[in-house]
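Colleague: I'm passing along upload.pdb; it holds PDB, C-alpha atoms, pLDDT in the B column.
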```
MODEL        1
ATOM      1  CA  MET M   1     168.002  93.065 185.028  1.00 46.00           C
ATOM      2  CA  PHE M   2     167.495  90.329 187.626  1.00 48.00           C
ATOM      3  CA  ASN M   3     163.954  88.954 187.437  1.00 54.00           C
ATOM      4  CA  ASP M   4     164.913  85.949 189.545  1.00 56.00           C
ATOM      5  CA  PRO M   5     165.431  86.854 193.236  1.00 55.00           C
ATOM      6  CA  GLY M   6     167.820  83.933 193.524  1.00 55.00           C
ATOM      7  CA  LYS M   7     170.064  85.337 190.801  1.00 53.00           C
ATOM      8  CA  LEU M   8     169.932  88.786 192.411  1.00 50.00           C
ATOM      9  CA  PHE M   9     170.968  87.335 195.759  1.00 54.00           C
ATOM     10  CA  ALA M  10     173.773  85.367 194.126  1.00 59.00           C
ATOM     11  CA  ALA M  11     175.036  88.476 192.331  1.00 57.00           C
ATOM     12  CA  VAL M  12     175.013  90.509 195.557  1.00 57.00           C
ATOM     13  CA  ALA M  13     176.786  87.695 197.390  1.00 65.00           C
ATOM     14  CA  ASP M  14     179.440  87.418 194.655  1.00 63.00           C
ATOM     15  CA  ASN M  15     180.104  91.158 194.724  1.00 66.00           C
ATOM     16  CA  ALA M  16     180.233  91.237 198.534  1.00 73.00           C
ATOM     17  CA  MET M  17     182.695  88.355 198.558  1.00 77.00           C
ATOM     18  CA  PHE M  18     184.827  90.079 195.935  1.00 74.00           C
ATOM     19  CA  LEU M  19     184.885  93.259 198.047  1.00 78.00           C
ATOM     20  CA  LEU M  20     186.034  91.245 201.060  1.00 84.00           C
ATOM     21  CA  VAL M  21     188.775  89.667 198.967  1.00 80.00           C
ATOM     22  CA  CYS M  22     189.914  93.128 197.816  1.00 82.00           C
ATOM     23  CA  LEU M  23     190.074  94.377 201.409  1.00 87.00           C
ATOM     24  CA  ALA M  24     191.891  91.238 202.549  1.00 89.00           C
ATOM     25  CA  VAL M  25     194.462  91.517 199.756  1.00 87.00           C
ATOM     26  CA  PHE M  26     195.192  95.163 200.547  1.00 88.00           C
ATOM     27  CA  ALA M  27     195.328  94.562 204.313  1.00 90.00           C
ATOM     28  CA  GLY M  28     197.592  91.536 203.907  1.00 91.00           C
ATOM     29  CA  ILE M  29     200.059  93.243 201.564  1.00 91.00           C
ATOM     30  CA  PHE M  30     200.109  96.412 203.673  1.00 91.00           C
ATOM     31  CA  ALA M  31     200.719  94.403 206.869  1.00 93.00           C
ATOM     32  CA  VAL M  32     203.627  92.536 205.260  1.00 91.00           C
ATOM     33  CA  ALA M  33     205.173  95.827 204.111  1.00 91.00           C
ATOM     34  CA  VAL M  34     204.827  97.382 207.582  1.00 90.00           C
ATOM     35  CA  LEU M  35     206.354  94.356 209.325  1.00 90.00           C
ATOM     36  CA  LEU M  36     209.294  94.167 206.928  1.00 88.00           C
ATOM     37  CA  GLU M  37     209.967  97.877 207.182  1.00 86.00           C
ATOM     38  CA  ARG M  38     209.747  98.129 210.971  1.00 83.00           C
ATOM     39  CA  LEU M  39     211.379  94.868 211.995  1.00 81.00           C
ATOM     40  CA  TRP M  40     214.095  94.526 209.380  1.00 79.00           C
ATOM     41  CA  LEU M  41     214.670  97.401 206.966  1.00 76.00           C
ATOM     42  CA  LYS M  42     214.134 100.377 209.298  1.00 72.00           C
ATOM     43  CA  PRO M  43     214.486 103.165 206.684  1.00 68.00           C
ATOM     44  CA  GLU M  44     215.488 106.670 207.672  1.00 71.00           C
ATOM     45  CA  LYS M  45     212.736 108.772 209.211  1.00 74.00           C
ATOM     46  CA  GLN M  46     211.252 111.410 206.926  1.00 76.00           C
ATOM     47  CA  SER M  47     208.999 114.394 207.401  1.00 78.00           C
ATOM     48  CA  PRO M  48     205.388 113.086 207.373  1.00 83.00           C
ATOM     49  CA  ALA M  49     204.232 116.071 205.317  1.00 86.00           C
ATOM     50  CA  ARG M  50     206.980 115.616 202.744  1.00 85.00           C
ATOM     51  CA  ARG M  51     206.443 111.862 202.636  1.00 86.00           C
ATOM     52  CA  THR M  52     202.687 112.293 202.114  1.00 90.00           C
ATOM     53  CA  ALA M  53     203.247 114.882 199.391  1.00 91.00           C
ATOM     54  CA  TYR M  54     205.685 112.702 197.448  1.00 90.00           C
ATOM     55  CA  VAL M  55     203.494 109.603 197.709  1.00 93.00           C
ATOM     56  CA  GLY M  56     200.571 111.633 196.398  1.00 93.00           C
ATOM     57  CA  ILE M  57     202.622 113.085 193.537  1.00 93.00           C
ATOM     58  CA  PHE M  58     203.900 109.687 192.430  1.00 94.00           C
ATOM     59  CA  ALA M  59     200.420 108.150 192.731  1.00 95.00           C
ATOM     60  CA  ALA M  60     198.945 110.930 190.581  1.00 95.00           C
ATOM     61  CA  ILE M  61     201.633 110.451 187.901  1.00 94.00           C
ATOM     62  CA  ALA M  62     201.006 106.707 187.960  1.00 95.00           C
ATOM     63  CA  ALA M  63     197.239 107.200 187.628  1.00 93.00           C
ATOM     64  CA  VAL M  64     197.781 109.382 184.556  1.00 93.00           C
ATOM     65  CA  LEU M  65     200.069 106.754 183.034  1.00 93.00           C
ATOM     66  CA  MET M  66     197.261 104.202 183.388  1.00 90.00           C
ATOM     67  CA  TYR M  67     195.435 106.097 180.630  1.00 88.00           C
ATOM     68  CA  PHE M  68     198.128 105.027 178.174  1.00 90.00           C
ATOM     69  CA  GLU M  69     197.602 101.318 177.587  1.00 88.00           C
ATOM     70  CA  PHE M  70     199.100  99.238 174.813  1.00 89.00           C
ATOM     71  CA  PRO M  71     197.627  95.958 173.507  1.00 90.00           C
ATOM     72  CA  LEU M  72     200.009  93.063 173.035  1.00 90.00           C
ATOM     73  CA  PRO M  73     199.896  90.670 170.077  1.00 91.00           C
ATOM     74  CA  PHE M  74     200.089  87.523 172.213  1.00 90.00           C
ATOM     75  CA  ALA M  75     197.379  88.363 174.796  1.00 89.00           C
ATOM     76  CA  PRO M  76     193.595  89.016 174.715  1.00 87.00           C
ATOM     77  CA  GLY M  77     192.490  92.643 174.597  1.00 83.00           C
ATOM     78  CA  PHE M  78     191.747  92.914 178.323  1.00 81.00           C
ATOM     79  CA  TYR M  79     195.487  92.513 179.012  1.00 86.00           C
ATOM     80  CA  GLU M  80     197.061  95.848 178.092  1.00 88.00           C
ATOM     81  CA  LEU M  81     200.495  97.071 179.051  1.00 91.00           C
ATOM     82  CA  ASP M  82     200.926 100.362 180.886  1.00 91.00           C
ATOM     83  CA  PHE M  83     203.896 101.907 182.660  1.00 93.00           C
ATOM     84  CA  SER M  84     202.156 103.061 185.829  1.00 92.00           C
ATOM     85  CA  GLU M  85     204.418 100.912 188.029  1.00 94.00           C
ATOM     86  CA  ILE M  86     207.443 103.086 187.204  1.00 95.00           C
ATOM     87  CA  PRO M  87     206.493 106.020 189.493  1.00 94.00           C
ATOM     88  CA  VAL M  88     205.466 103.526 192.172  1.00 95.00           C
ATOM     89  CA  LEU M  89     208.828 101.740 191.942  1.00 94.00           C
ATOM     90  CA  ILE M  90     210.647 105.066 192.231  1.00 92.00           C
ATOM     91  CA  CYS M  91     208.476 105.955 195.229  1.00 92.00           C
ATOM     92  CA  SER M  92     209.173 102.636 196.960  1.00 92.00           C
ATOM     93  CA  PHE M  93     212.921 102.865 196.275  1.00 91.00           C
ATOM     94  CA  SER M  94     212.966 106.393 197.705  1.00 87.00           C
ATOM     95  CA  MET M  95     210.746 105.949 200.766  1.00 88.00           C
ATOM     96  CA  GLY M  96     210.360 102.256 201.440  1.00 88.00           C
ATOM     97  CA  PRO M  97     207.924  99.378 200.861  1.00 92.00           C
ATOM     98  CA  VAL M  98     205.042 100.886 202.882  1.00 93.00           C
ATOM     99  CA  ALA M  99     205.097 104.085 200.841  1.00 92.00           C
ATOM    100  CA  GLY M 100     205.201 101.966 197.677  1.00 93.00           C
ATOM    101  CA  VAL M 101     202.163  99.884 198.664  1.00 95.00           C
ATOM    102  CA  VAL M 102     200.193 103.002 199.636  1.00 95.00           C
ATOM    103  CA  CYS M 103     201.209 104.670 196.369  1.00 95.00           C
ATOM    104  CA  GLU M 104     200.051 101.613 194.417  1.00 95.00           C
ATOM    105  CA  PHE M 105     196.696 101.663 196.232  1.00 94.00           C
ATOM    106  CA  LEU M 106     196.180 105.402 195.696  1.00 94.00           C
ATOM    107  CA  LYS M 107     197.073 105.003 192.031  1.00 94.00           C
ATOM    108  CA  VAL M 108     194.249 102.499 191.536  1.00 92.00           C
ATOM    109  CA  VAL M 109     191.778 104.599 193.550  1.00 91.00           C
ATOM    110  CA  MET M 110     192.598 107.720 191.495  1.00 92.00           C
ATOM    111  CA  LYS M 111     192.223 105.767 188.276  1.00 89.00           C
ATOM    112  CA  LEU M 112     188.795 104.503 189.381  1.00 87.00           C
ATOM    113  CA  LEU M 113     187.674 108.029 190.280  1.00 88.00           C
ATOM    114  CA  LEU M 114     188.888 109.455 186.968  1.00 85.00           C
ATOM    115  CA  LYS M 115     188.187 106.633 184.560  1.00 82.00           C
ATOM    116  CA  GLY M 116     185.993 104.058 186.279  1.00 80.00           C
ATOM    117  CA  THR M 117     186.312 100.355 185.587  1.00 76.00           C
ATOM    118  CA  SER M 118     185.731  98.269 182.480  1.00 71.00           C
ATOM    119  CA  THR M 119     186.478  94.924 184.127  1.00 69.00           C
ATOM    120  CA  ALA M 120     183.986  94.812 187.033  1.00 68.00           C
ATOM    121  CA  PHE M 121     186.888  95.928 189.294  1.00 77.00           C
ATOM    122  CA  VAL M 122     188.701  92.621 188.759  1.00 81.00           C
ATOM    123  CA  GLY M 123     191.332  94.278 186.586  1.00 81.00           C
ATOM    124  CA  ASP M 124     191.808  96.956 189.233  1.00 85.00           C
ATOM    125  CA  LEU M 125     192.395  94.370 191.956  1.00 85.00           C
ATOM    126  CA  ALA M 126     194.806  92.622 189.588  1.00 87.00           C
ATOM    127  CA  ASN M 127     196.632  95.876 188.909  1.00 90.00           C
ATOM    128  CA  PHE M 128     197.138  96.500 192.625  1.00 91.00           C
ATOM    129  CA  ALA M 129     198.052  92.973 193.678  1.00 92.00           C
ATOM    130  CA  VAL M 130     200.280  92.199 190.705  1.00 91.00           C
ATOM    131  CA  GLY M 131     201.897  95.639 190.919  1.00 93.00           C
ATOM    132  CA  CYS M 132     202.734  94.991 194.570  1.00 94.00           C
ATOM    133  CA  ALA M 133     204.251  91.651 193.541  1.00 94.00           C
ATOM    134  CA  LEU M 134     206.818  93.742 191.668  1.00 95.00           C
ATOM    135  CA  ILE M 135     207.387  96.771 193.876  1.00 94.00           C
ATOM    136  CA  LEU M 136     207.310  95.099 197.314  1.00 94.00           C
ATOM    137  CA  PRO M 137     210.103  92.518 196.827  1.00 95.00           C
ATOM    138  CA  ALA M 138     212.108  94.943 194.675  1.00 95.00           C
ATOM    139  CA  SER M 139     212.080  97.655 197.340  1.00 93.00           C
ATOM    140  CA  VAL M 140     212.752  95.200 200.178  1.00 92.00           C
ATOM    141  CA  VAL M 141     215.847  93.826 198.443  1.00 93.00           C
ATOM    142  CA  TYR M 142     217.028  97.334 197.559  1.00 92.00           C
ATOM    143  CA  PHE M 143     216.625  98.657 201.108  1.00 88.00           C
ATOM    144  CA  ALA M 144     218.519  95.646 202.434  1.00 88.00           C
ATOM    145  CA  ASN M 145     221.425  96.563 200.108  1.00 88.00           C
ATOM    146  CA  LYS M 146     221.187 100.163 198.911  1.00 86.00           C
ATOM    147  CA  THR M 147     223.649  99.942 196.043  1.00 87.00           C
ATOM    148  CA  LYS M 148     223.360  99.778 192.272  1.00 88.00           C
ATOM    149  CA  LYS M 149     223.757  95.993 192.464  1.00 91.00           C
ATOM    150  CA  GLY M 150     221.065  95.909 195.162  1.00 91.00           C
ATOM    151  CA  ALA M 151     218.702  97.842 192.912  1.00 91.00           C
ATOM    152  CA  ILE M 152     219.339  95.505 189.982  1.00 93.00           C
ATOM    153  CA  LEU M 153     218.927  92.413 192.165  1.00 95.00           C
ATOM    154  CA  GLY M 154     215.741  93.863 193.655  1.00 94.00           C
ATOM    155  CA  MET M 155     214.204  94.459 190.249  1.00 94.00           C
ATOM    156  CA  VAL M 156     215.226  90.986 189.057  1.00 96.00           C
ATOM    157  CA  VAL M 157     213.552  89.458 192.127  1.00 96.00           C
ATOM    158  CA  GLY M 158     210.515  91.716 191.628  1.00 95.00           C
ATOM    159  CA  THR M 159     210.229  90.713 187.973  1.00 96.00           C
ATOM    160  CA  ALA M 160     210.383  87.028 188.927  1.00 96.00           C
ATOM    161  CA  CYS M 161     207.705  87.592 191.585  1.00 95.00           C
ATOM    162  CA  ILE M 162     205.343  89.511 189.298  1.00 95.00           C
ATOM    163  CA  THR M 163     205.658  86.742 186.706  1.00 95.00           C
ATOM    164  CA  VAL M 164     205.018  83.858 189.123  1.00 95.00           C
ATOM    165  CA  VAL M 165     202.608  85.484 191.595  1.00 92.00           C
ATOM    166  CA  GLY M 166     200.684  87.329 188.885  1.00 91.00           C
ATOM    167  CA  SER M 167     200.259  84.151 186.861  1.00 93.00           C
ATOM    168  CA  LEU M 168     199.124  82.059 189.825  1.00 93.00           C
ATOM    169  CA  PHE M 169     196.722  84.754 191.055  1.00 91.00           C
ATOM    170  CA  ASN M 170     195.180  84.978 187.580  1.00 91.00           C
ATOM    171  CA  ALA M 171     194.798  81.212 187.269  1.00 91.00           C
ATOM    172  CA  VAL M 172     193.443  80.564 190.750  1.00 89.00           C
ATOM    173  CA  TYR M 173     191.228  83.602 191.319  1.00 88.00           C
ATOM    174  CA  LEU M 174     191.226  86.551 188.910  1.00 87.00           C
ATOM    175  CA  ILE M 175     190.135  84.867 185.663  1.00 90.00           C
ATOM    176  CA  PRO M 176     187.325  82.854 187.330  1.00 88.00           C
ATOM    177  CA  ALA M 177     186.234  85.972 189.251  1.00 85.00           C
ATOM    178  CA  PHE M 178     186.203  88.022 186.053  1.00 83.00           C
ATOM    179  CA  SER M 179     184.005  85.366 184.456  1.00 85.00           C
ATOM    180  CA  VAL M 180     181.476  85.532 187.307  1.00 81.00           C
ATOM    181  CA  LEU M 181     181.405  89.276 187.955  1.00 76.00           C
ATOM    182  CA  PHE M 182     181.568  90.352 184.310  1.00 74.00           C
ATOM    183  CA  GLY M 183     179.011  87.771 183.220  1.00 74.00           C
ATOM    184  CA  GLN M 184     181.267  86.101 180.655  1.00 79.00           C
ATOM    185  CA  PRO M 185     181.537  82.283 180.571  1.00 87.00           C
ATOM    186  CA  LEU M 186     185.077  80.992 180.932  1.00 88.00           C
ATOM    187  CA  GLU M 187     184.765  79.465 177.462  1.00 90.00           C
ATOM    188  CA  VAL M 188     184.294  82.941 175.970  1.00 90.00           C
ATOM    189  CA  ILE M 189     187.322  84.331 177.795  1.00 90.00           C
ATOM    190  CA  ILE M 190     189.463  81.381 176.767  1.00 91.00           C
ATOM    191  CA  GLY M 191     188.136  81.719 173.223  1.00 92.00           C
ATOM    192  CA  MET M 192     189.496  85.275 173.073  1.00 91.00           C
ATOM    193  CA  GLY M 193     192.906  83.796 173.747  1.00 91.00           C
ATOM    194  CA  THR M 194     192.412  80.941 171.280  1.00 93.00           C
ATOM    195  CA  ALA M 195     191.679  83.464 168.527  1.00 93.00           C
ATOM    196  CA  ILE M 196     195.178  84.867 169.055  1.00 92.00           C
ATOM    197  CA  ASN M 197     197.037  81.659 169.873  1.00 92.00           C
ATOM    198  CA  PRO M 198     195.528  78.227 169.043  1.00 93.00           C
ATOM    199  CA  ALA M 199     197.578  76.730 171.893  1.00 93.00           C
ATOM    200  CA  ILE M 200     195.316  78.526 174.394  1.00 93.00           C
ATOM    201  CA  VAL M 201     192.548  76.014 175.162  1.00 93.00           C
ATOM    202  CA  SER M 202     192.114  76.344 178.944  1.00 92.00           C
ATOM    203  CA  VAL M 203     192.685  78.707 181.853  1.00 92.00           C
ATOM    204  CA  ASN M 204     196.096  77.150 182.468  1.00 93.00           C
ATOM    205  CA  THR M 205     197.252  77.581 178.874  1.00 94.00           C
ATOM    206  CA  LEU M 206     195.858  81.127 178.838  1.00 94.00           C
ATOM    207  CA  VAL M 207     198.008  81.902 181.851  1.00 94.00           C
ATOM    208  CA  LEU M 208     201.057  80.110 180.451  1.00 94.00           C
ATOM    209  CA  CYS M 209     200.915  81.579 176.938  1.00 94.00           C
ATOM    210  CA  ALA M 210     199.545  85.062 177.643  1.00 94.00           C
ATOM    211  CA  VAL M 211     199.539  86.106 181.301  1.00 94.00           C
ATOM    212  CA  ALA M 212     203.041  84.936 182.239  1.00 95.00           C
ATOM    213  CA  PRO M 213     204.729  86.585 179.206  1.00 95.00           C
ATOM    214  CA  PHE M 214     202.656  89.724 179.806  1.00 94.00           C
ATOM    215  CA  ASN M 215     203.796  90.009 183.434  1.00 94.00           C
ATOM    216  CA  LEU M 216     207.393  89.175 182.528  1.00 96.00           C
ATOM    217  CA  LEU M 217     207.436  91.890 179.872  1.00 95.00           C
ATOM    218  CA  LYS M 218     205.838  94.374 182.276  1.00 95.00           C
ATOM    219  CA  GLY M 219     208.389  93.611 184.992  1.00 94.00           C
ATOM    220  CA  VAL M 220     211.359  93.910 182.649  1.00 96.00           C
ATOM    221  CA  ALA M 221     210.140  97.121 180.965  1.00 95.00           C
ATOM    222  CA  ASP M 222     209.257  98.848 184.248  1.00 95.00           C
ATOM    223  CA  SER M 223     212.549  97.788 185.836  1.00 94.00           C
ATOM    224  CA  VAL M 224     214.741  98.972 182.967  1.00 94.00           C
ATOM    225  CA  ILE M 225     213.056 102.382 182.750  1.00 94.00           C
ATOM    226  CA  THR M 226     213.134 102.792 186.537  1.00 93.00           C
ATOM    227  CA  PHE M 227     216.833 101.948 186.611  1.00 91.00           C
ATOM    228  CA  VAL M 228     217.522 104.664 184.039  1.00 89.00           C
ATOM    229  CA  LEU M 229     215.357 107.323 185.705  1.00 88.00           C
ATOM    230  CA  TYR M 230     215.652 106.702 189.442  1.00 82.00           C
ATOM    231  CA  LYS M 231     218.842 108.531 190.391  1.00 77.00           C
ATOM    232  CA  HIS M 232     217.989 111.547 188.245  1.00 75.00           C
ATOM    233  CA  ILE M 233     214.549 111.905 189.824  1.00 76.00           C
ATOM    234  CA  GLU M 234     215.877 111.303 193.317  1.00 68.00           C
ATOM    235  CA  ARG M 235     218.389 114.135 192.908  1.00 67.00           C
ATOM    236  CA  LEU M 236     215.747 116.391 191.363  1.00 64.00           C
ATOM    237  CA  LEU M 237     213.405 115.989 194.314  1.00 60.00           C
ATOM    238  CA  ARG M 238     216.237 116.065 196.879  1.00 59.00           C
ATOM    239  CA  MET M 239     214.854 113.056 198.696  1.00 48.00           C
ATOM    240  CA  LYS M 240     218.100 112.261 200.511  1.00 47.00           C
TER     241      LYS M 240
ENDMDL
END
```
Go ahead and render the structure in this file as C-alpha cells.

Modeller:
Amino acid sequence: MFNDPGKLFAAVADNAMFLLVCLAVFAGIFAVAVLLERLWLKPEKQSPARRTAYVGIFAAIAAVLMYFEFPLPFAPGFYELDFSEIPVLICSFSMGPVAGVVCEFLKVVMKLLLKGTSTAFVGDLANFAVGCALILPASVVYFANKTKKGAILGMVVGTACITVVGSLFNAVYLIPAFSVLFGQPLEVIIGMGTAINPAIVSVNTLVLCAVAPFNLLKGVADSVITFVLYKHIERLLRMK
C-alpha cells in the first residue's frame, strides 16, 4: 500500500499521534471526574462489586444501542444519531461522574470489539469525548443538587456543553484528523455536506450547519428519554 517509505513513516507517525491524543483525552476527562467527585461532590460509598456490575451492565446496553444508528437529513452520512448515551447518563446519575466516564469508555471499547470501526477510530474518539461532554456536566450538576430541578438543570447544561464542546472539537481536531487518517481530502468531506446543504462550503460551515444541530438534537433526545426513564430504572435496580 505504501511504496514510499516517507509516506509509510508519515502514516505511522499520524496514527501514533492520534493514539496519544486518545489516551490524553481519556486521562484528562477521567482526572477531571475524579477530582470533582472526591473534592466536591463526595457521593455515597457503594459496594465495589455492585458498582462494577452496574457499570458493566449499563456499558453493555449502551454498546448494543450503538448498533442502531439513524441518519439525519441535514448531516453527512458519517454523522448518525444513536441513543447509547441514555444508559450512560442513567449510570452517571446513579453512581457519579467517574462511573459515567468509565461506562462511556467501556461502551466504546465493547463497540470496537463487537463491530470494529468504519471511521479510522476518529468517530470512536468523538463518541467518547462528545458523550462525556454531555454526561460529565449533567451528572456533576445533578449530584450538587439531587432534585428533579437539579436533574433538569444538569441535562440542560450537558446539552449546552455537548453542542459547544462537540462542535469545537470537530472543527479544531476531529474533522481534520478524519481527513488524514481516513485518507479523504477535506474538500471531499465538505462536499458531502454541500450535497445536502449548499450553505456548507468549509469546515466551519459544516460544523455550524450539521455538527452543532446534530449534537443539540442528540443532547435533547438523550436528556428527555433519560428524564422519563431514570427514576423507574433506579427503583428497579434498587440503587439507593

Colleague: Measure the distance from CA of Leu208 in chain M to CA of Phe78 in chain M in Å and round it to one decimal.

Modeller: 16.0 Å

Colleague: Please produce, as JSON lines, a per-residue contact table for range 106-156 of chain M versus range 18-35 of chain M (criterion: any atom at most 8 Å away, only C-alpha atoms considered), showing the nearest atom pair and its distance in Å to one decimal, sorted by chain then residue number.

Modeller:
```
{"residue": "M:Leu125", "atom": "CA", "partner": "M:Cys22", "partner_atom": "CA", "distance": 6.5}
{"residue": "M:Ala129", "atom": "CA", "partner": "M:Val25", "partner_atom": "CA", "distance": 7.2}
{"residue": "M:Cys132", "atom": "CA", "partner": "M:Ile29", "partner_atom": "CA", "distance": 7.7}
{"residue": "M:Leu136", "atom": "CA", "partner": "M:Ala33", "partner_atom": "CA", "distance": 7.2}
```

Colleague: Since I can't run it myself right now, could you work out what the PyMOL selection byres ((chain M and resi 224) around 12) selects here and report it as a list in words?

Modeller: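 Evaluating the PyMOL selection byres ((chain M and resi 224) around 12) on this file yields Phe83, Glu85, Ile86, Leu89, Ile90, Ala151, Ile152, Gly154, Met155, Val156, Thr159, Leu217, Lys218, Gly219, Val220, Ala221, Asp222, Ser223, Ile225, Thr226, Phe227, Val228, Leu229 and Tyr230 of chain M.
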
Colleague: Tell me, in Å to one decimal, how far CA of Asn215 in chain M is from CA of Phe68 in chain M.

Modeller: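 Separation of CA of Asn215 in chain M and CA of Phe68 in chain M: 16.9 Å.
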
Colleague: Can you tell me which residues surround Val207 in chain M at a distance of at most 10 Å, considering only C-alpha atoms, apart from same-chain residues fewer than 6 positions away, and format the answer as a PyMOL selection string?

Modeller: chain M and resi 75+166-171+175+190+193+200+213-214

Colleague: Given the file shown, enumerate the residues that the PyMOL selection byres ((chain M and resi 196) around 12) captures and present them as a list in words.

Modeller: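 When the PyMOL selection byres ((chain M and resi 196) around 12) is applied to the shown file, the picked residues are Leu72, Pro73, Phe74, Ala75, Pro76, Gly77, Ile189, Ile190, Gly191, Met192, Gly193, Thr194, Ala195, Asn197, Pro198, Ala199, Ile200, Val201, Leu206, Cys209 and Ala210 of chain M.
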
Colleague: Once you add 3 Å to each side, what are the centre and edge lengths of the axis-aligned box holding all listed atoms of range 139-148 of chain M? One decimal in Å, as JSON, if you can.

Modeller:
```
{"center_x": 217.9, "center_y": 97.0, "center_z": 197.4, "size_x": 17.6, "size_y": 12.3, "size_z": 16.2}
```

Colleague: Looking at only C-alpha atoms, which of M:Phe121, M:Phe143, M:Tyr54, M:Phe128 is the one that sits closest to Leu181 in chain M?

Modeller: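 With only C-alpha atoms as the atom set, the closest residue is M:Phe121.
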
Colleague: Please expand the PyMOL selection byres ((chain M and resi 96-106) around 10) into the concrete residues it hits in this file, giving the result as an MDAnalysis selection string.

Modeller: chainID M and resid 26 29:38 41:44 51:52 54:60 62:63 84:85 87:95 107:112 124:125 127:129 131:133 135:143

Colleague: How far is it from CA of Val157 in chain M to CA of Ala53 in chain M, in Å with one decimal?

Modeller: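 Calculated distance between CA of Val157 in chain M and CA of Ala53 in chain M is 28.4 Å.
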
Colleague: From the options M:Val130, M:Ala16, M:Leu153, M:Ile233, which residue's atoms come nearest to Leu174 in chain M, counting only C-alpha atoms?

Modeller: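 Using only C-alpha atoms, the shortest distance to Leu174 in chain M belongs to M:Val130.
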